[in-house]
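The structure file structure10.cif is reproduced below (mmCIF, C-alpha atoms).
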data_protein
loop_
_atom_site.group_PDB
_atom_site.id
_atom_site.type_symbol
_atom_site.label_atom_id
_atom_site.label_comp_id
_atom_site.auth_asym_id
_atom_site.auth_seq_id
_atom_site.Cartn_x
_atom_site.Cartn_y
_atom_site.Cartn_z
ATOM 1 C CA MET A 5 -39.422 -76.877 -17.849
ATOM 2 C CA SER A 6 -41.804 -75.705 -15.163
ATOM 3 C CA GLY A 7 -41.591 -74.117 -11.759
ATOM 4 C CA SER A 8 -39.063 -71.807 -10.283
ATOM 5 C CA LEU A 9 -35.387 -71.773 -11.078
ATOM 6 C CA PHE A 10 -34.669 -71.803 -7.320
ATOM 7 C CA ALA A 11 -35.226 -74.587 -4.802
ATOM 8 C CA GLN A 12 -38.473 -74.309 -2.821
ATOM 9 C CA ARG A 13 -36.551 -73.721 0.425
ATOM 10 C CA MET A 14 -35.233 -70.448 -0.979
ATOM 11 C CA GLY A 15 -38.772 -69.058 -0.724
ATOM 12 C CA ARG A 16 -38.217 -68.921 3.051
ATOM 13 C CA VAL A 17 -35.093 -66.773 2.721
ATOM 14 C CA ARG A 18 -35.571 -63.030 3.011
ATOM 15 C CA SER A 19 -33.271 -60.102 2.454
ATOM 16 C CA SER A 20 -30.596 -59.999 5.121
ATOM 17 C CA ALA A 21 -31.195 -57.249 7.664
ATOM 18 C CA ILE A 22 -27.497 -57.439 8.536
ATOM 19 C CA MET A 23 -26.424 -56.722 4.960
ATOM 20 C CA GLU A 24 -28.769 -53.732 4.848
ATOM 21 C CA LEU A 25 -27.220 -52.430 8.090
ATOM 22 C CA ILE A 26 -23.724 -52.892 6.675
ATOM 23 C CA LYS A 27 -24.665 -50.932 3.529
ATOM 24 C CA THR A 28 -25.938 -48.086 5.705
ATOM 25 C CA THR A 29 -22.803 -48.127 7.856
ATOM 26 C CA ALA A 30 -20.502 -48.108 4.815
ATOM 27 C CA ALA A 31 -22.209 -44.966 3.549
ATOM 28 C CA GLY A 32 -21.835 -43.017 6.805
ATOM 29 C CA ASP A 33 -19.050 -41.574 8.905
ATOM 30 C CA TYR A 34 -20.059 -43.262 12.151
ATOM 31 C CA ILE A 35 -19.710 -46.530 14.004
ATOM 32 C CA SER A 36 -22.851 -48.665 13.997
ATOM 33 C CA PHE A 37 -23.235 -51.028 16.912
ATOM 34 C CA ALA A 38 -26.285 -52.547 15.191
ATOM 35 C CA SER A 39 -24.382 -54.455 12.512
ATOM 36 C CA GLY A 40 -21.561 -55.763 14.697
ATOM 37 C CA LEU A 41 -18.827 -54.122 12.628
ATOM 38 C CA PRO A 42 -15.681 -53.153 14.519
ATOM 39 C CA ASP A 43 -14.246 -49.648 14.317
ATOM 40 C CA PRO A 44 -11.734 -49.784 11.421
ATOM 41 C CA CYS A 45 -9.459 -47.453 13.417
ATOM 42 C CA VAL A 46 -8.600 -50.373 15.715
ATOM 43 C CA PHE A 47 -7.471 -52.703 12.930
ATOM 44 C CA PRO A 48 -3.789 -53.547 13.559
ATOM 45 C CA LEU A 49 -2.698 -52.726 10.013
ATOM 46 C CA GLU A 50 1.042 -52.686 10.666
ATOM 47 C CA THR A 51 0.930 -56.003 12.519
ATOM 48 C CA LEU A 52 -1.139 -57.593 9.740
ATOM 49 C CA ARG A 53 1.221 -56.163 7.091
ATOM 50 C CA THR A 54 4.219 -57.658 8.932
ATOM 51 C CA LEU A 55 2.522 -61.045 9.328
ATOM 52 C CA ALA A 56 1.408 -61.131 5.684
ATOM 53 C CA ASP A 57 4.922 -60.219 4.551
ATOM 54 C CA ASP A 58 6.356 -62.993 6.728
ATOM 55 C CA VAL A 59 3.955 -65.598 5.289
ATOM 56 C CA LEU A 60 4.530 -64.454 1.707
ATOM 57 C CA THR A 61 8.304 -64.479 2.187
ATOM 58 C CA ARG A 62 8.400 -67.932 3.778
ATOM 59 C CA ASP A 63 5.672 -69.750 1.857
ATOM 60 C CA GLY A 64 3.997 -67.326 -0.564
ATOM 61 C CA ARG A 65 3.194 -69.734 -3.372
ATOM 62 C CA ALA A 66 1.495 -72.212 -1.039
ATOM 63 C CA ALA A 67 -0.241 -69.458 0.934
ATOM 64 C CA LEU A 68 -1.867 -68.058 -2.211
ATOM 65 C CA GLN A 69 -2.774 -71.427 -3.722
ATOM 66 C CA TYR A 70 -5.982 -73.330 -3.108
ATOM 67 C CA GLY A 71 -5.520 -75.622 -0.167
ATOM 68 C CA PRO A 72 -7.349 -78.362 1.641
ATOM 69 C CA ALA A 73 -10.967 -77.656 2.560
ATOM 70 C CA GLU A 74 -10.122 -78.321 6.219
ATOM 71 C CA GLY A 75 -7.832 -75.279 6.308
ATOM 72 C CA TYR A 76 -4.143 -74.435 6.254
ATOM 73 C CA ALA A 77 -2.307 -77.430 7.777
ATOM 74 C CA PRO A 78 0.207 -75.449 9.899
ATOM 75 C CA LEU A 79 -2.638 -73.382 11.384
ATOM 76 C CA ARG A 80 -4.644 -76.534 12.148
ATOM 77 C CA ALA A 81 -1.590 -78.011 13.875
ATOM 78 C CA SER A 82 -1.109 -74.830 15.936
ATOM 79 C CA VAL A 83 -4.767 -74.822 16.995
ATOM 80 C CA ALA A 84 -4.585 -78.504 17.968
ATOM 81 C CA GLU A 85 -1.424 -77.844 20.008
ATOM 82 C CA MET A 86 -3.002 -74.848 21.764
ATOM 83 C CA LEU A 87 -6.106 -76.888 22.626
ATOM 84 C CA ALA A 88 -3.967 -79.773 23.878
ATOM 85 C CA GLN A 89 -2.149 -77.345 26.198
ATOM 86 C CA ARG A 90 -5.572 -76.407 27.573
ATOM 87 C CA GLY A 91 -6.411 -80.026 28.355
ATOM 88 C CA LEU A 92 -8.288 -81.065 25.203
ATOM 89 C CA ALA A 93 -6.695 -84.108 23.593
ATOM 90 C CA MET A 94 -6.748 -82.942 19.984
ATOM 91 C CA THR A 95 -4.977 -83.689 16.717
ATOM 92 C CA SER A 96 -4.862 -81.461 13.650
ATOM 93 C CA ASP A 97 -7.124 -83.973 11.878
ATOM 94 C CA GLN A 98 -9.860 -82.969 14.345
ATOM 95 C CA VAL A 99 -9.538 -79.233 13.585
ATOM 96 C CA LEU A 100 -11.503 -77.479 10.864
ATOM 97 C CA ILE A 101 -10.651 -73.884 9.995
ATOM 98 C CA THR A 102 -13.536 -71.792 8.657
ATOM 99 C CA THR A 103 -13.553 -68.302 7.230
ATOM 100 C CA GLY A 104 -15.892 -67.115 9.972
ATOM 101 C CA SER A 105 -18.846 -67.960 12.138
ATOM 102 C CA GLN A 106 -21.306 -67.921 9.238
ATOM 103 C CA GLN A 107 -19.436 -70.669 7.410
ATOM 104 C CA ALA A 108 -19.164 -72.704 10.608
ATOM 105 C CA LEU A 109 -22.887 -72.317 11.327
ATOM 106 C CA ASP A 110 -23.768 -73.253 7.743
ATOM 107 C CA LEU A 111 -21.636 -76.403 7.963
ATOM 108 C CA VAL A 112 -23.245 -77.378 11.282
ATOM 109 C CA ALA A 113 -26.735 -76.894 9.805
ATOM 110 C CA ARG A 114 -25.877 -78.928 6.706
ATOM 111 C CA ALA A 115 -24.297 -81.739 8.721
ATOM 112 C CA LEU A 116 -26.819 -82.015 11.560
ATOM 113 C CA LEU A 117 -30.201 -80.641 10.516
ATOM 114 C CA ASP A 118 -32.918 -82.069 8.307
ATOM 115 C CA PRO A 119 -35.986 -80.161 7.124
ATOM 116 C CA LYS A 120 -38.595 -79.919 9.892
ATOM 117 C CA ASP A 121 -36.056 -80.501 12.692
ATOM 118 C CA ARG A 122 -36.528 -78.169 15.647
ATOM 119 C CA VAL A 123 -33.859 -75.799 16.951
ATOM 120 C CA VAL A 124 -33.991 -73.930 20.266
ATOM 121 C CA LEU A 125 -32.700 -70.340 20.199
ATOM 122 C CA GLU A 126 -32.348 -67.549 22.712
ATOM 123 C CA SER A 127 -34.620 -64.580 22.110
ATOM 124 C CA PRO A 128 -33.568 -62.250 20.707
ATOM 125 C CA SER A 129 -31.099 -64.126 18.538
ATOM 126 C CA TYR A 130 -28.523 -63.451 15.852
ATOM 127 C CA LEU A 131 -30.413 -62.368 12.716
ATOM 128 C CA ALA A 132 -28.108 -64.208 10.322
ATOM 129 C CA VAL A 133 -28.599 -67.520 12.125
ATOM 130 C CA LEU A 134 -32.366 -67.140 11.751
ATOM 131 C CA GLN A 135 -31.888 -66.729 8.010
ATOM 132 C CA LEU A 136 -29.576 -69.732 7.919
ATOM 133 C CA PHE A 137 -32.072 -71.902 9.818
ATOM 134 C CA ASP A 138 -34.833 -70.716 7.477
ATOM 135 C CA SER A 139 -32.823 -71.919 4.487
ATOM 136 C CA ALA A 140 -32.263 -75.260 6.273
ATOM 137 C CA GLU A 141 -36.071 -75.563 6.512
ATOM 138 C CA VAL A 142 -36.088 -76.111 10.257
ATOM 139 C CA SER A 143 -38.460 -74.725 12.824
ATOM 140 C CA TYR A 144 -37.212 -72.943 15.876
ATOM 141 C CA GLN A 145 -38.468 -72.280 19.324
ATOM 142 C CA THR A 146 -37.202 -69.329 21.308
ATOM 143 C CA VAL A 147 -36.320 -69.171 24.986
ATOM 144 C CA PRO A 148 -36.191 -65.767 26.687
ATOM 145 C CA MET A 149 -32.990 -64.245 28.039
ATOM 146 C CA ASP A 150 -32.196 -62.336 31.194
ATOM 147 C CA ALA A 151 -29.027 -60.631 32.441
ATOM 148 C CA GLU A 152 -27.328 -64.046 32.784
ATOM 149 C CA GLY A 153 -28.201 -65.288 29.276
ATOM 150 C CA MET A 154 -30.728 -67.928 28.231
ATOM 151 C CA VAL A 155 -33.334 -68.484 30.968
ATOM 152 C CA VAL A 156 -32.622 -72.062 31.988
ATOM 153 C CA ASP A 157 -36.099 -72.578 33.459
ATOM 154 C CA GLY A 158 -37.553 -71.997 30.006
ATOM 155 C CA LEU A 159 -34.969 -74.198 28.343
ATOM 156 C CA ALA A 160 -35.993 -77.492 29.967
ATOM 157 C CA ALA A 161 -39.452 -77.559 28.348
ATOM 158 C CA ALA A 162 -38.097 -76.351 24.995
ATOM 159 C CA LEU A 163 -35.557 -79.179 24.761
ATOM 160 C CA ASP A 164 -38.196 -81.877 24.305
ATOM 161 C CA GLY A 165 -37.854 -82.953 20.664
ATOM 162 C CA ALA A 166 -35.221 -80.362 19.789
ATOM 163 C CA LYS A 167 -32.245 -81.447 17.730
ATOM 164 C CA LEU A 168 -29.998 -78.452 18.412
ATOM 165 C CA VAL A 169 -29.671 -75.569 20.851
ATOM 166 C CA TYR A 170 -28.112 -72.349 19.562
ATOM 167 C CA THR A 171 -26.927 -69.912 22.186
ATOM 168 C CA LEU A 172 -24.112 -67.434 22.601
ATOM 169 C CA PRO A 173 -22.070 -67.791 25.794
ATOM 170 C CA ASN A 174 -21.148 -64.100 25.908
ATOM 171 C CA PHE A 175 -21.593 -60.805 24.057
ATOM 172 C CA GLN A 176 -25.047 -61.782 22.813
ATOM 173 C CA ASN A 177 -25.841 -60.602 19.325
ATOM 174 C CA PRO A 178 -27.971 -58.518 18.845
ATOM 175 C CA THR A 179 -28.195 -57.303 22.452
ATOM 176 C CA GLY A 180 -24.478 -57.136 23.298
#
This entry written out as structure tokens:
Amino acid sequence: MSGSLFAQRMGRVRSSAIMELIKTTAAGDYISFASGLPDPCVFPLETLRTLADDVLTRDGRAALQYGPAEGYAPLRASVAEMLAQRGLAMTSDQVLITTGSQQALDLVARALLDPKDRVVLESPSYLAVLQLFDSAEVSYQTVPMDAEGMVVDGLAAALDGAKLVYTLPNFQNPTG
């Protein structure tokens, strides 16, 4: 057996700056805007306790059991109904529930991107997405931002040959 235990693409992955920020925040008695963590004082604990109790009372065994990879069926149906009320013809079969943006971004990268594909990003961009794109072995080109978001004049030239554009429509991370 020769070579590394890890896949070659893992050589591109570096320590997560976000995880280091979270470790620092967890050790202090302050709110860090750098890591994107909300103030725990605003967590609606009583509301969440009530909702969890309701779910466990009504359907506890199913709620705690492994379920379909697409997500909890009643939640998918509710999301599809909400989107339909907003004018998007949607069925629950077209809804995928993820455990957060990182999982969603990882699934998009796995489904759409091949090594050496090019992705266009706003600059600065979300640190974790850079790490994700590194592990997908893609290259990326950045487009500057102004007060309105991604500078559209710079976007047109960057699109040539790009397979994906990653931008945040509001509350840009890391600039807020």
What's the 6 Å shell around region 144-147 of chain A, counting all atoms listed in the file, without same-chain residues fewer than 2 positions away, as a PyMOL selection string?
chain A and resi 122-127+158
For a cut-off of 12 Å around (-34.4, -69.4, 18.4), file coordinates, pick out all residues using only C-alpha atoms and list them as a PyMOL selection string.
chain A and resi 122-138+142-149+154+159+162-163+166+168-172
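From CA of Asp121 (chain A) back to CA of Ala140 (chain A), the distance works out to 9.1 Å.
Interatomic distance, CA of Val59 (chain A) against CA of Leu87 (chain A): 23.0 Å.
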note - CA of Gly165 (chain A) and CA of Ala108 (chain A) are separated by 23.6 Å
I would like the residues chosen by the PyMOL selection byres ((chain A and resi 82) around 12) on the shown file; could you give them as an NGL selection string?
:A and (75-81 or 83-89 or 94-97 or 99-101)
Which centre and edge lengths in Å to one decimal define the box along x, y and z that fits every listed atom of region 118-137 of chain A plus 4 Å per side, as JSON?
{"center_x": -33.4, "center_y": -72.2, "center_z": 14.9, "size_x": 18.5, "size_y": 27.8, "size_z": 23.6}
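Nearest to Arg16 (chain A) of all the residues A:Thr61, A:Gln69, A:Ser105, A:Ser139 is A:Ser139, based on all atoms listed in the file.
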